[in-house]
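Pasted below: model_33.txt, compact mmCIF, N, CA and C atoms.
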# COMPACT_ATOMS: atom_id res chain seq x y z
N MET A 376 231.23 -1.34 121.68
CA MET A 376 230.64 -0.16 122.29
C MET A 376 229.22 0.00 121.74
N SER A 377 228.29 0.26 122.63
CA SER A 377 226.89 0.44 122.24
C SER A 377 226.54 1.93 122.18
N ILE A 378 225.40 2.22 121.60
CA ILE A 378 224.92 3.61 121.53
C ILE A 378 224.66 4.14 122.94
N GLU A 379 224.22 3.29 123.85
CA GLU A 379 223.99 3.71 125.23
C GLU A 379 225.31 4.08 125.91
N GLU A 380 226.36 3.33 125.63
CA GLU A 380 227.67 3.65 126.21
C GLU A 380 228.20 4.97 125.66
N ILE A 381 228.01 5.19 124.37
CA ILE A 381 228.44 6.46 123.77
C ILE A 381 227.64 7.61 124.38
N LEU A 382 226.35 7.41 124.55
CA LEU A 382 225.51 8.44 125.16
C LEU A 382 226.00 8.77 126.56
N LYS A 383 226.28 7.77 127.36
CA LYS A 383 226.78 8.00 128.72
C LYS A 383 228.09 8.76 128.69
N LYS A 384 229.00 8.40 127.78
CA LYS A 384 230.28 9.09 127.68
C LYS A 384 230.09 10.54 127.24
N SER A 385 229.09 10.78 126.40
CA SER A 385 228.87 12.15 125.91
C SER A 385 228.40 13.07 127.04
N ILE A 386 227.79 12.49 128.06
CA ILE A 386 227.29 13.28 129.19
C ILE A 386 228.32 13.37 130.31
N SER A 387 229.04 12.29 130.56
CA SER A 387 229.87 12.24 131.76
C SER A 387 231.37 12.21 131.54
N GLU A 388 231.81 11.95 130.34
CA GLU A 388 233.24 11.82 130.09
C GLU A 388 233.62 12.55 128.81
N ASN A 389 234.87 12.39 128.46
CA ASN A 389 235.32 12.93 127.19
C ASN A 389 235.08 11.92 126.09
N LEU A 390 234.14 12.22 125.25
CA LEU A 390 233.81 11.41 124.09
C LEU A 390 234.93 11.56 123.07
N SER A 391 235.20 10.51 122.30
CA SER A 391 236.27 10.59 121.31
C SER A 391 235.82 10.01 119.97
N LEU A 392 236.58 10.33 118.94
CA LEU A 392 236.33 9.76 117.63
C LEU A 392 236.46 8.25 117.69
N ASN A 393 237.37 7.76 118.50
CA ASN A 393 237.56 6.32 118.66
C ASN A 393 236.26 5.64 119.11
N ASP A 394 235.51 6.30 119.98
CA ASP A 394 234.23 5.75 120.42
C ASP A 394 233.29 5.56 119.23
N PHE A 395 233.22 6.57 118.38
CA PHE A 395 232.37 6.48 117.19
C PHE A 395 232.89 5.43 116.21
N GLU A 396 234.20 5.33 116.08
CA GLU A 396 234.78 4.33 115.18
C GLU A 396 234.46 2.92 115.66
N ARG A 397 234.58 2.68 116.96
CA ARG A 397 234.28 1.36 117.51
C ARG A 397 232.79 1.03 117.33
N PHE A 398 231.93 1.99 117.61
CA PHE A 398 230.49 1.78 117.43
C PHE A 398 230.17 1.52 115.96
N SER A 399 230.76 2.30 115.08
CA SER A 399 230.50 2.15 113.63
C SER A 399 230.94 0.78 113.13
N THR A 400 232.09 0.33 113.58
CA THR A 400 232.58 -1.00 113.18
C THR A 400 231.63 -2.08 113.68
N LYS A 401 231.25 -1.99 114.94
CA LYS A 401 230.36 -3.00 115.53
C LYS A 401 229.01 -3.04 114.82
N GLU A 402 228.46 -1.88 114.49
CA GLU A 402 227.13 -1.79 113.89
C GLU A 402 227.16 -1.77 112.36
N VAL A 403 228.35 -1.80 111.78
CA VAL A 403 228.54 -1.74 110.33
C VAL A 403 227.88 -0.48 109.76
N LEU A 404 228.31 0.65 110.30
CA LEU A 404 227.79 1.96 109.90
C LEU A 404 228.94 2.86 109.46
N ARG A 405 228.60 3.84 108.65
CA ARG A 405 229.56 4.92 108.39
C ARG A 405 229.63 5.78 109.65
N ILE A 406 230.74 6.42 109.88
CA ILE A 406 230.88 7.26 111.07
C ILE A 406 229.84 8.38 111.05
N GLU A 407 229.56 8.92 109.89
CA GLU A 407 228.54 9.96 109.78
C GLU A 407 227.19 9.45 110.31
N ASP A 408 226.87 8.21 110.00
CA ASP A 408 225.62 7.62 110.50
C ASP A 408 225.65 7.46 112.02
N SER A 409 226.82 7.18 112.56
CA SER A 409 226.95 7.07 114.03
C SER A 409 226.73 8.43 114.69
N PHE A 410 227.27 9.49 114.10
CA PHE A 410 227.01 10.84 114.63
C PHE A 410 225.51 11.10 114.64
N ASN A 411 224.85 10.75 113.54
CA ASN A 411 223.41 10.99 113.44
C ASN A 411 222.62 10.13 114.42
N GLN A 412 223.00 8.87 114.57
CA GLN A 412 222.27 8.01 115.51
C GLN A 412 222.33 8.55 116.93
N LEU A 413 223.52 8.97 117.36
CA LEU A 413 223.64 9.51 118.72
C LEU A 413 222.87 10.81 118.84
N SER A 414 223.00 11.69 117.89
CA SER A 414 222.31 12.98 117.94
C SER A 414 220.80 12.80 117.95
N LEU A 415 220.29 11.90 117.14
CA LEU A 415 218.84 11.65 117.13
C LEU A 415 218.38 11.01 118.43
N LEU A 416 219.20 10.16 119.03
CA LEU A 416 218.85 9.58 120.33
C LEU A 416 218.77 10.67 121.39
N ILE A 417 219.73 11.57 121.39
CA ILE A 417 219.72 12.69 122.34
C ILE A 417 218.47 13.53 122.13
N ALA A 418 218.19 13.87 120.89
CA ALA A 418 217.01 14.69 120.57
C ALA A 418 215.73 14.01 121.01
N LYS A 419 215.61 12.71 120.73
CA LYS A 419 214.39 11.98 121.09
C LYS A 419 214.24 11.90 122.61
N ARG A 420 215.31 11.63 123.30
CA ARG A 420 215.22 11.53 124.76
C ARG A 420 214.89 12.89 125.38
N PHE A 421 215.41 13.95 124.81
CA PHE A 421 215.07 15.29 125.29
C PHE A 421 213.59 15.56 125.02
N ASP A 422 213.14 15.27 123.82
CA ASP A 422 211.75 15.51 123.44
C ASP A 422 210.79 14.69 124.30
N ASP A 423 211.20 13.50 124.66
CA ASP A 423 210.36 12.62 125.49
C ASP A 423 210.47 12.95 126.99
N GLY A 424 211.31 13.92 127.33
CA GLY A 424 211.48 14.28 128.74
C GLY A 424 212.38 13.33 129.51
N GLU A 425 213.10 12.46 128.81
CA GLU A 425 213.99 11.51 129.46
C GLU A 425 215.38 12.09 129.73
N MET A 426 215.70 13.18 129.05
CA MET A 426 216.98 13.88 129.28
C MET A 426 216.68 15.35 129.48
N SER A 427 217.41 15.95 130.38
CA SER A 427 217.25 17.39 130.61
C SER A 427 217.87 18.17 129.46
N TYR A 428 217.49 19.44 129.38
CA TYR A 428 218.13 20.31 128.39
C TYR A 428 219.63 20.36 128.66
N GLU A 429 220.03 20.50 129.91
CA GLU A 429 221.43 20.64 130.28
C GLU A 429 222.24 19.43 129.83
N ASP A 430 221.75 18.22 130.12
CA ASP A 430 222.47 17.02 129.70
C ASP A 430 222.50 16.88 128.18
N SER A 431 221.40 17.20 127.55
CA SER A 431 221.32 17.10 126.08
C SER A 431 222.28 18.09 125.42
N ASP A 432 222.28 19.31 125.92
CA ASP A 432 223.17 20.34 125.38
C ASP A 432 224.63 19.95 125.61
N TYR A 433 224.93 19.48 126.81
CA TYR A 433 226.29 19.06 127.13
C TYR A 433 226.73 17.93 126.20
N ALA A 434 225.84 16.95 126.00
CA ALA A 434 226.15 15.82 125.13
C ALA A 434 226.42 16.29 123.70
N MET A 435 225.58 17.18 123.18
CA MET A 435 225.78 17.66 121.81
C MET A 435 227.03 18.53 121.70
N ASN A 436 227.36 19.23 122.77
CA ASN A 436 228.61 19.99 122.77
C ASN A 436 229.82 19.06 122.77
N GLY A 437 229.65 17.82 123.18
CA GLY A 437 230.71 16.82 123.09
C GLY A 437 230.81 16.23 121.69
N VAL A 438 229.69 16.06 121.04
CA VAL A 438 229.66 15.50 119.68
C VAL A 438 230.22 16.50 118.67
N TRP A 439 229.85 17.76 118.82
CA TRP A 439 230.17 18.80 117.84
C TRP A 439 231.65 18.86 117.45
N PRO A 440 232.60 19.00 118.39
CA PRO A 440 233.99 19.12 117.96
C PRO A 440 234.53 17.86 117.29
N ILE A 441 234.03 16.70 117.69
CA ILE A 441 234.47 15.46 117.07
C ILE A 441 233.97 15.39 115.63
N MET A 442 232.69 15.71 115.44
CA MET A 442 232.13 15.70 114.10
C MET A 442 232.82 16.75 113.22
N LEU A 443 233.03 17.92 113.78
CA LEU A 443 233.66 19.00 113.01
C LEU A 443 235.08 18.63 112.60
N ASP A 444 235.85 18.11 113.53
CA ASP A 444 237.22 17.70 113.22
C ASP A 444 237.22 16.60 112.15
N TYR A 445 236.30 15.66 112.28
CA TYR A 445 236.20 14.56 111.31
C TYR A 445 235.91 15.09 109.90
N ILE A 446 234.92 15.94 109.77
CA ILE A 446 234.55 16.42 108.42
C ILE A 446 235.63 17.34 107.85
N MET A 447 236.31 18.10 108.71
CA MET A 447 237.38 18.97 108.22
C MET A 447 238.52 18.13 107.63
N LYS A 448 238.87 17.05 108.32
CA LYS A 448 239.95 16.18 107.83
C LYS A 448 239.54 15.45 106.56
N LYS A 449 238.26 15.12 106.43
CA LYS A 449 237.78 14.38 105.26
C LYS A 449 237.35 15.30 104.11
N GLY A 450 237.23 16.60 104.40
CA GLY A 450 236.73 17.52 103.39
C GLY A 450 235.28 17.25 103.05
N ALA A 451 234.54 16.78 104.05
CA ALA A 451 233.14 16.39 103.86
C ALA A 451 232.21 17.50 104.34
N PRO A 452 230.96 17.46 103.89
CA PRO A 452 229.98 18.45 104.36
C PRO A 452 229.57 18.16 105.81
N LEU A 453 228.92 19.14 106.43
CA LEU A 453 228.37 18.94 107.77
C LEU A 453 227.42 17.75 107.75
N VAL A 454 227.44 17.00 108.82
CA VAL A 454 226.61 15.80 108.92
C VAL A 454 225.23 16.23 109.41
N GLU A 455 224.23 15.91 108.63
CA GLU A 455 222.84 16.24 108.97
C GLU A 455 222.06 14.96 109.25
N PRO A 456 221.24 14.95 110.24
CA PRO A 456 220.72 16.05 111.06
C PRO A 456 221.54 16.36 112.31
N CYS A 457 222.72 15.73 112.45
CA CYS A 457 223.55 16.00 113.62
C CYS A 457 223.79 17.50 113.83
N TYR A 458 224.16 18.19 112.76
CA TYR A 458 224.44 19.62 112.87
C TYR A 458 223.19 20.40 113.25
N GLU A 459 222.07 20.05 112.66
CA GLU A 459 220.82 20.74 112.97
C GLU A 459 220.43 20.55 114.44
N ILE A 460 220.67 19.37 114.97
CA ILE A 460 220.38 19.09 116.38
C ILE A 460 221.33 19.87 117.27
N TYR A 461 222.60 19.91 116.90
CA TYR A 461 223.57 20.72 117.66
C TYR A 461 223.11 22.18 117.70
N CYS A 462 222.73 22.73 116.56
CA CYS A 462 222.28 24.13 116.49
C CYS A 462 221.03 24.37 117.34
N ALA A 463 220.13 23.40 117.37
CA ALA A 463 218.91 23.54 118.17
C ALA A 463 219.24 23.68 119.65
N PHE A 464 220.14 22.85 120.13
CA PHE A 464 220.53 22.95 121.54
C PHE A 464 221.36 24.20 121.79
N ASP A 465 222.20 24.56 120.85
CA ASP A 465 223.01 25.77 120.98
C ASP A 465 222.12 27.01 121.10
N ALA A 466 221.02 27.03 120.38
CA ALA A 466 220.10 28.18 120.42
C ALA A 466 219.48 28.38 121.79
N GLY A 467 219.45 27.35 122.60
CA GLY A 467 218.90 27.45 123.95
C GLY A 467 219.89 27.95 124.98
N GLU A 468 221.13 28.14 124.57
CA GLU A 468 222.19 28.51 125.52
C GLU A 468 222.23 30.00 125.88
N PHE A 469 221.57 30.84 125.10
CA PHE A 469 221.73 32.27 125.33
C PHE A 469 220.43 33.04 125.12
N ASP A 470 220.38 34.19 125.74
CA ASP A 470 219.24 35.10 125.61
C ASP A 470 219.30 35.74 124.23
N HIS A 471 218.23 35.63 123.50
CA HIS A 471 218.17 36.19 122.14
C HIS A 471 217.69 37.63 122.13
N GLY A 472 217.52 38.21 123.31
CA GLY A 472 217.11 39.60 123.41
C GLY A 472 215.63 39.84 123.19
N ASP A 473 214.85 38.77 123.18
CA ASP A 473 213.42 38.93 122.95
C ASP A 473 212.58 38.65 124.19
N GLY A 474 213.25 38.42 125.31
CA GLY A 474 212.56 38.18 126.57
C GLY A 474 211.98 36.79 126.72
N ALA A 475 212.14 35.96 125.71
CA ALA A 475 211.58 34.61 125.75
C ALA A 475 212.60 33.63 126.33
N ASP A 476 212.09 32.54 126.88
CA ASP A 476 212.95 31.44 127.31
C ASP A 476 213.52 30.80 126.04
N PRO A 477 214.84 30.83 125.85
CA PRO A 477 215.40 30.34 124.59
C PRO A 477 215.19 28.85 124.34
N VAL A 478 215.12 28.06 125.41
CA VAL A 478 214.87 26.63 125.23
C VAL A 478 213.45 26.42 124.73
N GLU A 479 212.49 27.11 125.36
CA GLU A 479 211.09 26.98 124.95
C GLU A 479 210.85 27.51 123.53
N LYS A 480 211.43 28.65 123.24
CA LYS A 480 211.14 29.31 121.96
C LYS A 480 211.95 28.76 120.78
N TYR A 481 213.19 28.37 121.03
CA TYR A 481 214.06 27.98 119.93
C TYR A 481 214.41 26.49 119.91
N THR A 482 214.83 25.96 121.05
CA THR A 482 215.29 24.57 121.06
C THR A 482 214.16 23.58 120.86
N ILE A 483 213.12 23.68 121.66
CA ILE A 483 212.04 22.69 121.60
C ILE A 483 211.41 22.61 120.20
N PRO A 484 211.01 23.73 119.59
CA PRO A 484 210.43 23.62 118.25
C PRO A 484 211.41 23.07 117.21
N ALA A 485 212.68 23.43 117.33
CA ALA A 485 213.67 22.95 116.36
C ALA A 485 213.87 21.44 116.50
N ILE A 486 213.91 20.95 117.74
CA ILE A 486 214.07 19.51 117.96
C ILE A 486 212.83 18.77 117.44
N LYS A 487 211.66 19.28 117.69
CA LYS A 487 210.43 18.65 117.19
C LYS A 487 210.44 18.59 115.66
N ALA A 488 210.91 19.64 115.02
CA ALA A 488 210.98 19.67 113.55
C ALA A 488 211.98 18.64 113.02
N VAL A 489 213.12 18.52 113.66
CA VAL A 489 214.12 17.52 113.23
C VAL A 489 213.54 16.12 113.37
N LEU A 490 212.94 15.85 114.51
CA LEU A 490 212.40 14.50 114.74
C LEU A 490 211.25 14.18 113.79
N LYS A 491 210.47 15.18 113.44
CA LYS A 491 209.35 14.98 112.51
C LYS A 491 209.89 14.59 111.13
N ASN A 492 211.03 15.17 110.76
CA ASN A 492 211.60 14.92 109.43
C ASN A 492 212.59 13.76 109.40
N ALA A 493 212.88 13.18 110.57
CA ALA A 493 213.90 12.11 110.62
C ALA A 493 213.34 10.78 110.17
Could you render the structure from this file as structure tokens?
Amino acid sequence: MSIEEILKKSISENLSLNDFERFSTKEVLRIEDSFNQLSLLIAKRFDDGEMSYEDSDYAMNGVWPIMLDYIMKKGAPLVEPCYEIYCAFDAGEFDHGDGADPVEKYTIPAIKAVLKNA
């Protein structure tokens, strides 16, 4: 399984831990690194205008429960920057009561900051 296949599944199908395990084995990565690779790819494609906010948010909403379940079972900390990227897209989902477009005001700057520090 390639990162592109995982990305496609995150947008159009039900992504699973097995997908990350297969990718991690193939690429000789820790699963945490696989979560980060996919999340950073989503963030970069969104920042480059190659993915819409809707697809990016949907994809990260697919990654989130898998990552959360994984770390809960392992007793591990949240995987960063995966969690930070998830939060950035989540912030664009709702009106913050300030009259601003939440994607413009919260998501875009947060994604740019993550990518700058990655």
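Computed from the coordinates, the atom N of Ala466 in chain A to CA of Thr482 in chain A distance equals 6.3 Å.
For Ile483 in chain A, the set of protein, DNA and RNA residues having any atom at most 8 Å away, when counting all atoms listed in the file and skipping those fewer than 2 positions along the same chain, is Asp422, Ala463, Phe464, Ala466, Gly467, Pro477, Val478, Glu479, Lys480, Tyr481, Ala485, Ile486, Lys487, Ala488 and Val489 of chain A.
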Using only N, CA and C atoms, find each residue in range 419-450 of chain A having at least one atom no more than 7 Å away from range 385-399 of chain A; report its shortest atom-to-atom pair and that distance in Å (one decimal), rows by chain then rising number, as JSON lines.
{"residue": "A:Asp430", "atom": "C", "partner": "A:Ile386", "partner_atom": "CA", "distance": 6.1}
{"residue": "A:Tyr433", "atom": "C", "partner": "A:Ser385", "partner_atom": "C", "distance": 5.2}
{"residue": "A:Ala434", "atom": "CA", "partner": "A:Ser385", "partner_atom": "C", "distance": 4.0}
{"residue": "A:Met435", "atom": "N", "partner": "A:Ser385", "partner_atom": "C", "distance": 6.3}
{"residue": "A:Gly437", "atom": "CA", "partner": "A:Ser385", "partner_atom": "CA", "distance": 5.8}
{"residue": "A:Val438", "atom": "N", "partner": "A:Ser385", "partner_atom": "CA", "distance": 6.3}
{"residue": "A:Ile441", "atom": "CA", "partner": "A:Leu392", "partner_atom": "N", "distance": 5.9}
message = I need the residue nearest Leu415 in chain A from this list: A:Ala475, A:Ile460, A:Glu379, A:Pro484. Use all atoms listed in the file for the distance.
response =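 The answer is A:Ile460, which sits nearest to Leu415 in chain A.
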inquiry  = Going by DSSP on the backbone, which residues of chain A come out as helix (DSSP H, G or I)? List them as a VMD selection string.
reply    = chain A and resid 378 to 387 392 to 402 406 to 422 428 to 449 457 to 466 477 to 492
query = What does the distance from CA of Tyr445 in chain A to CA of Ser427 in chain A come to in Å, to one decimal?
reply = 27.2 Å
remark   = Correct to one decimal, the distance atom N of Ser377 in chain A-atom C of Asp432 in chain A is 20.2 Å
request  = Point out the residue among A:Glu455, A:Asp470, A:Asp465, A:Glu425 with the least atom-to-atom distance to Asn411 in chain A, counting all atoms listed in the file.
outcome  = A:Glu455
Adding 8 Å on each side of the box along x, y and z that holds all listed atoms of range 407-423 of chain A, could you give its centre and edge lengths in Å to one decimal, as JSON?
{"center_x": 220.0, "center_y": 11.3, "center_z": 118.4, "size_x": 35.2, "size_y": 24.5, "size_z": 33.2}
ask   = Taking into account only C-alpha atoms, which residue in the set A:Tyr458, A:Phe469, A:Phe421, A:Tyr428 is nearest to Ile446 in chain A?
value =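 Of all the options, A:Tyr458 lies closest to Ile446 in chain A.
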